[in-house]
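Q: Just so it is clear, I am handing over upload_10.txt, which has compact mmCIF, C-alpha atoms.
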# COMPACT_ATOMS: atom_id res chain seq x y z
CA ASN A 1 17.60 -5.18 6.68
CA ALA A 2 14.80 -5.15 9.27
CA ASN A 3 16.57 -2.35 11.19
CA ASN A 4 15.76 0.02 8.32
CA LEU A 5 12.01 -0.43 8.94
CA LYS A 6 12.19 2.07 11.78
CA TYR A 7 12.91 4.76 9.17
CA VAL A 8 9.97 3.86 6.89
CA PHE A 9 6.83 5.99 6.98
CA GLY A 10 3.42 4.35 6.66
CA LEU A 11 4.09 1.43 9.05
CA SER A 12 1.94 1.10 12.17
CA PHE A 13 4.23 -1.59 13.59
CA TYR A 14 6.52 -4.37 12.44
CA ALA A 15 7.57 -7.69 13.88
CA LYS A 16 9.68 -10.73 13.12
CA VAL A 17 7.18 -13.56 12.73
CA ILE A 18 7.23 -17.34 12.50
CA GLU A 19 5.11 -18.63 9.61
CA VAL A 20 3.49 -21.99 10.32
CA THR A 21 0.67 -24.26 9.20
CA PHE A 22 -2.30 -24.53 11.51
CA ASP A 23 -1.12 -27.80 13.07
CA LYS A 24 2.06 -26.09 14.35
CA ILE A 25 0.38 -23.14 16.10
CA HIS A 26 0.37 -24.59 19.62
CA GLU A 27 3.99 -25.72 19.81
CA THR A 28 5.25 -22.57 18.10
CA ALA A 29 3.36 -20.35 20.54
CA LEU A 30 4.79 -22.35 23.44
CA SER A 31 8.34 -21.93 22.11
CA LEU A 32 8.07 -18.14 22.47
CA VAL A 33 7.56 -18.30 26.23
CA LYS A 34 10.91 -18.12 28.05
CA GLU A 35 11.28 -16.87 31.63
CA GLU A 36 8.04 -14.87 31.81
CA SER A 37 5.54 -15.44 34.60
CA THR A 38 2.42 -13.92 32.97
CA PHE A 39 1.10 -14.11 29.41
CA LYS A 40 -1.88 -13.85 27.15
CA VAL A 41 -2.70 -15.03 23.64
CA ASN A 42 -4.10 -12.58 21.09
CA CYS A 43 -5.42 -14.12 17.86
CA LYS A 44 -6.65 -12.14 14.85
CA ARG A 45 -8.13 -13.67 11.73
CA ILE A 46 -7.29 -11.48 8.74
CA THR A 47 -9.14 -14.07 6.66
CA LYS A 48 -11.84 -16.25 8.20
CA THR A 49 -10.14 -19.52 7.27
CA TYR A 50 -9.64 -20.94 10.74
CA ARG A 51 -11.44 -21.31 14.05
CA PRO A 52 -12.87 -18.22 15.83
CA SER A 53 -10.23 -16.00 17.45
CA GLN A 54 -11.54 -16.38 21.00
CA GLU A 55 -11.54 -20.15 20.63
CA VAL A 56 -7.91 -20.06 19.46
CA ASN A 57 -6.96 -17.82 22.41
CA MET A 58 -8.44 -20.25 24.93
CA ASP A 59 -7.14 -23.38 23.22
CA VAL A 60 -3.56 -22.18 22.76
CA GLY A 61 -3.55 -20.60 26.23
CA GLY A 62 -4.69 -23.90 27.76
CA TYR A 63 -2.01 -25.80 25.83
CA ILE A 64 0.69 -23.49 27.21
CA LEU A 65 -0.63 -23.67 30.80
CA ASP A 66 -0.67 -27.47 30.69
CA ARG A 67 3.06 -27.48 29.89
CA LYS A 68 4.07 -24.49 32.00
CA PRO A 69 1.82 -24.69 35.08
CA LYS A 70 3.67 -21.91 36.91
CA LEU A 71 2.55 -19.43 34.25
CA LYS A 72 -0.49 -17.25 34.86
CA VAL A 73 -2.84 -15.68 32.34
CA LYS A 74 -2.97 -11.90 32.73
CA LEU A 75 -5.10 -9.91 30.29
CA ASP A 76 -3.82 -6.47 31.33
CA ASN A 77 -0.08 -5.79 30.91
CA PRO A 78 1.23 -9.36 30.83
CA GLU A 79 4.96 -9.92 30.53
CA ILE A 80 4.49 -11.49 27.11
CA ILE A 81 1.72 -11.31 24.52
CA ILE A 82 1.70 -14.10 21.96
CA HIS A 83 0.18 -12.75 18.77
CA ILE A 84 -1.32 -15.13 16.23
CA GLU A 85 -2.50 -13.73 12.89
CA ILE A 86 -4.39 -16.00 10.51
CA ILE A 87 -4.00 -15.24 6.80
CA LYS A 88 -5.46 -17.79 4.38
CA ASP A 89 -3.88 -21.17 5.16
CA ARG A 90 -1.05 -19.92 7.37
CA ALA A 91 -0.57 -18.58 10.88
CA TYR A 92 1.98 -15.85 11.64
CA ILE A 93 3.13 -15.91 15.25
CA TYR A 94 5.21 -13.37 17.14
CA ALA A 95 5.72 -12.04 20.65
CA ASN A 96 7.62 -8.79 20.17
CA SER A 97 6.85 -5.91 17.85
CA GLU A 98 8.28 -2.47 17.20
CA LYS A 99 6.17 0.64 16.75
CA GLY A 100 6.50 2.14 13.28
CA LEU A 101 6.60 5.79 12.23
CA GLN A 102 2.96 5.58 11.09
CA GLY A 103 1.75 8.32 8.73
CA LEU A 104 1.35 7.80 4.98
CA PRO A 105 3.64 5.67 2.78
CA GLN A 106 6.29 7.40 0.70
CA GLY A 107 5.12 8.60 -2.69
CA THR A 108 1.41 8.88 -1.87
CA SER A 109 1.77 12.67 -2.27
CA ASN A 110 3.82 15.00 -4.50
CA ASN A 111 7.27 16.54 -4.21
CA ILE A 112 7.48 19.69 -2.11
CA PHE A 113 10.34 22.20 -1.83
CA LEU A 114 11.16 22.95 1.81
CA GLU A 115 12.83 26.29 2.44
CA ILE A 116 15.62 26.16 5.05
CA SER A 117 16.06 28.90 7.62
CA ASN A 118 16.95 26.88 10.73
CA GLU A 119 18.31 23.32 10.84
CA LYS A 120 16.23 22.23 13.85
CA LEU A 121 13.01 23.67 12.41
CA THR A 122 13.77 22.22 8.97
CA THR A 123 14.35 18.79 10.52
CA VAL A 124 10.97 18.83 12.26
CA ALA A 125 9.12 20.34 9.31
CA GLY A 126 10.71 17.86 6.89
CA PHE A 127 9.82 14.93 9.14
CA LEU A 128 6.18 16.05 9.34
CA LEU A 129 5.97 16.52 5.57
CA MET A 130 7.44 13.08 4.85
CA LYS A 131 5.03 11.58 7.37
CA ARG A 132 2.25 12.88 5.11
CA GLY A 133 3.63 10.91 2.16
CA LEU A 134 5.52 13.81 0.55
CA ASN A 135 8.99 13.67 -1.00
CA ILE A 136 10.85 16.75 0.16
CA VAL A 137 13.22 18.84 -1.96
CA LEU A 138 16.01 20.60 -0.03
CA SER A 139 18.75 22.97 -1.14
CA LYS A 140 21.27 21.03 1.01
CA LYS A 141 21.45 17.90 3.15
CA ILE A 142 20.03 18.05 6.67
CA LYS A 143 21.88 15.69 9.00
CA HIS A 144 19.03 14.18 11.01
CA LEU A 145 16.75 13.73 7.98
CA GLU A 146 19.25 11.71 5.94
CA LYS A 147 18.42 8.44 7.74
CA PHE A 148 14.87 8.66 6.33
CA ASN A 149 16.20 8.94 2.77
CA LEU A 150 15.87 5.26 1.89
CA ASN A 151 14.45 5.54 -1.62
CA ASN A 152 15.14 9.07 -2.87
CA ASN A 153 12.34 10.58 -0.80
CA ILE A 154 14.73 13.47 -0.09
CA ILE A 155 15.93 15.29 -3.20
CA ILE A 156 18.78 17.83 -3.11
CA SER A 157 18.11 20.64 -5.57
CA LYS A 158 18.05 24.43 -5.58
CA ASN A 159 15.16 24.52 -8.04
CA LYS A 160 11.88 25.25 -6.28
CA LYS A 161 8.96 23.07 -7.25
CA ILE A 162 5.33 24.10 -7.71
CA PHE A 163 4.54 23.42 -4.06
CA ILE A 164 6.63 25.14 -1.41
CA ALA A 165 6.81 24.58 2.35
CA SER A 166 8.50 26.66 5.01
CA ASP A 167 10.05 25.74 8.35
CA LYS A 168 8.91 29.08 9.81
CA ILE A 169 6.47 28.94 12.72
CA THR A 170 4.59 32.09 11.68
CA VAL A 171 3.11 33.16 8.36
CA PRO A 172 4.57 36.35 6.79
CA LYS A 173 2.04 39.12 6.22
CA THR A 174 2.86 39.25 2.51
CA LYS A 175 3.68 36.32 0.24
CA LYS A 176 3.53 35.85 -3.52
CA GLU A 177 3.21 32.07 -3.71
CA THR A 178 1.27 29.30 -2.02
CA VAL A 179 3.35 28.11 0.90
CA PHE A 180 2.61 25.31 3.38
CA TYR A 181 3.60 25.76 7.04
CA PRO A 182 3.76 22.34 8.76
CA LEU A 183 4.93 23.88 12.06
CA LEU A 184 1.95 26.18 12.52
CA GLY A 185 0.27 25.41 15.83
CA PHE A 186 3.40 23.91 17.41
CA ASP A 187 4.96 25.69 20.38
CA LYS A 188 8.69 25.70 21.16
CA LYS A 189 8.45 22.84 23.67
CA GLU A 190 6.58 20.61 21.20
CA ILE A 191 9.15 21.34 18.47
CA ASP A 192 12.05 20.63 20.84
CA ASN A 193 10.48 17.33 21.95
CA LEU A 194 9.83 16.23 18.37
CA TYR A 195 13.36 17.20 17.32
CA LYS A 196 14.77 15.13 20.18
CA LYS A 197 12.61 12.17 19.14
CA ILE A 198 13.76 12.44 15.49
CA LYS A 199 17.42 12.47 16.57
CA GLU A 200 16.90 9.34 18.68
CA ILE A 201 15.16 7.27 15.98
Spit out the file's structure as structure tokens when you get a sec.

A:
Amino acid sequence: NANNLKYVFGLSFYAKVIEVTFDKIHETALSLVKEESTFKVNCKRITKTYRPSQEVNMDVGGYILDRKPKLKVKLDNPEIIIHIEIIKDRAYIYANSEKGLQGLPQGTSNNIFLEISNEKLTTVAGFLLMKRGLNIVLSKKIKHLEKFNLNNNIIISKNKKIFIASDKITVPKTKKETVFYPLLGFDKKEIDNLYKKIKEI
């Protein structure tokens, strides 16, 4: 389910692409243009198995203009950007993409127990920890974090692990264990804005 990709950490962006052979690039790119009045072509060669990127941009752009003469090329903020990515003997073409959560992929770091004192603060702290590739251990479910629990990256347990994190925004003067504070340096407005963003994802 592509809709679940918006909950996956470690993705810069994602898009639904059309996979074609090189001889189908031009007509496929043209098919993506609908009612727009400005466009540009952006080719990237992941592998150098096809013509230079700039040459592809000009060639495909010219092909589209010949068939849609009312269109105009606009390099800054066009209505549609036709992306062409070359990988080995295939081209992957798309016009729309969604920004991902970025950060590190799940499982690239250890489990960490997150102490809960406030649901909003725990939500933001947990989000930031998972964005760093950590699986978080909670003593109970937190509503707005559950949508990110796609592959057991949130564990419900009352047993504290070796590494502990806190949702507090200040460090106590005395502590017996090593504790991580992901919210240090954030002010109330920044926390509120991030909490709102997490709820809307």

Q: Restricting the calculation to all atoms listed in the file, which member of A:Phe113, A:Phe39, A:Phe180, A:Phe127 is positioned closest to A:Leu145?

A: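 Using all atoms listed in the file, A:Leu145 sits closest to A:Phe127.
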
Q: Out of A:Ala15, A:Val137, A:Leu75, A:Met130, which residue has the shortest atom-to-atom distance to A:Ser109 when counting only C-alpha atoms?

A: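 Looking only at the distances to A:Ser109, the closest residue turns out to be A:Met130.
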
Q: Given all atoms listed in the file as the basis, pick out the residue of A:Leu5, A:Leu32, A:Thr38, A:His83 nearest to A:Asn57.

A: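 Nearest to A:Asn57: A:His83.
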
Q: So that I can see what lies close to A:Ile164, please list as a list of chain:residue names the residues with an atom at most 6 Å from it, counting all atoms listed in the file and leaving out residues fewer than 5 positions away in the same chain.

A: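 These residues fall inside the cut-off: A:Ile112, A:Phe113, A:Leu114, A:Val179.
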
Q: Please return, as a PyMOL selection string, all polymer residues that have at least one atom within 12 Å of the point (3.8, -16.7, 21.5); use all atoms listed in the file and the file's own coordinate frame.

A: chain A and resi 16-18+24-34+36+38-43+57+60-61+63-64+79-85+91-97

Q: I'd like the contact shell of A:Arg90 - 7 Å cut-off, all atoms listed in the file, skipping same-chain residues fewer than 6 positions apart - returned as an NGL selection string.

A: :A and (19-22)

Q: Compare A:Leu101, A:Ile46, A:Leu183, A:Val56 by their minimum atom-to-atom distance to A:Ile87, counting only C-alpha atoms, and give me the closest one.

A: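 Checking each of A:Leu101, A:Ile46, A:Leu183, A:Val56 against A:Ile87, counting only C-alpha atoms, the winner is A:Ile46.
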
Q: Go ahead and compute the interatomic distance for atom CA of A:Arg45 and atom CA of A:Tyr14, in Å to one decimal.

A: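 Interatomic distance, atom CA of A:Arg45 to atom CA of A:Tyr14: 17.4 Å.
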
Q: Have a look at A:Val124, A:Ser117, A:Gly103, A:Lys70 and name the one nearest to A:Lys196; count all atoms listed in the file.

A: A:Val124

Q: Report, in Å to a single decimal, how far apart atom CA of A:Ile116 and atom CA of A:Phe186 are.

A: 17.5 Å

Q: Just give me the gap between atom CA of A:Lys143 and atom CA of A:Gly126 in Å, one decimal is fine.

A: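 Calculated distance between atom CA of A:Lys143 and atom CA of A:Gly126 is 11.6 Å.
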
Q: Could you check which of A:Thr108, A:Thr47, A:Thr123, A:Asn151 is closest to A:Gly10, using only C-alpha atoms?

A: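 Smallest separation from A:Gly10 among the options: A:Thr108.
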
Q: Just the residues within 7 Å of A:Leu11, please, counting all atoms listed in the file, with nothing from its chain fewer than 3 positions along; format it as a list in words.

A: Val8, Gly100, Leu101 and Gln102 of chain A

Q: Give, as JSON, the centre coordinates and the x, y and z edge lengths in Å to one decimal for an axis-aligned box around all listed atoms of stretch 45-52 of chain A, padded by 4 Å on each side.

A:
{"center_x": -10.1, "center_y": -16.4, "center_z": 11.2, "size_x": 13.6, "size_y": 17.8, "size_z": 17.2}

Q: Taking 4 positions as the minimum chain separation for residues in the same chain, which residues sit within 7 Å of A:Glu115 when counting only C-alpha atoms? Answer as number ranges by chain.

A: A: 138, 165-167
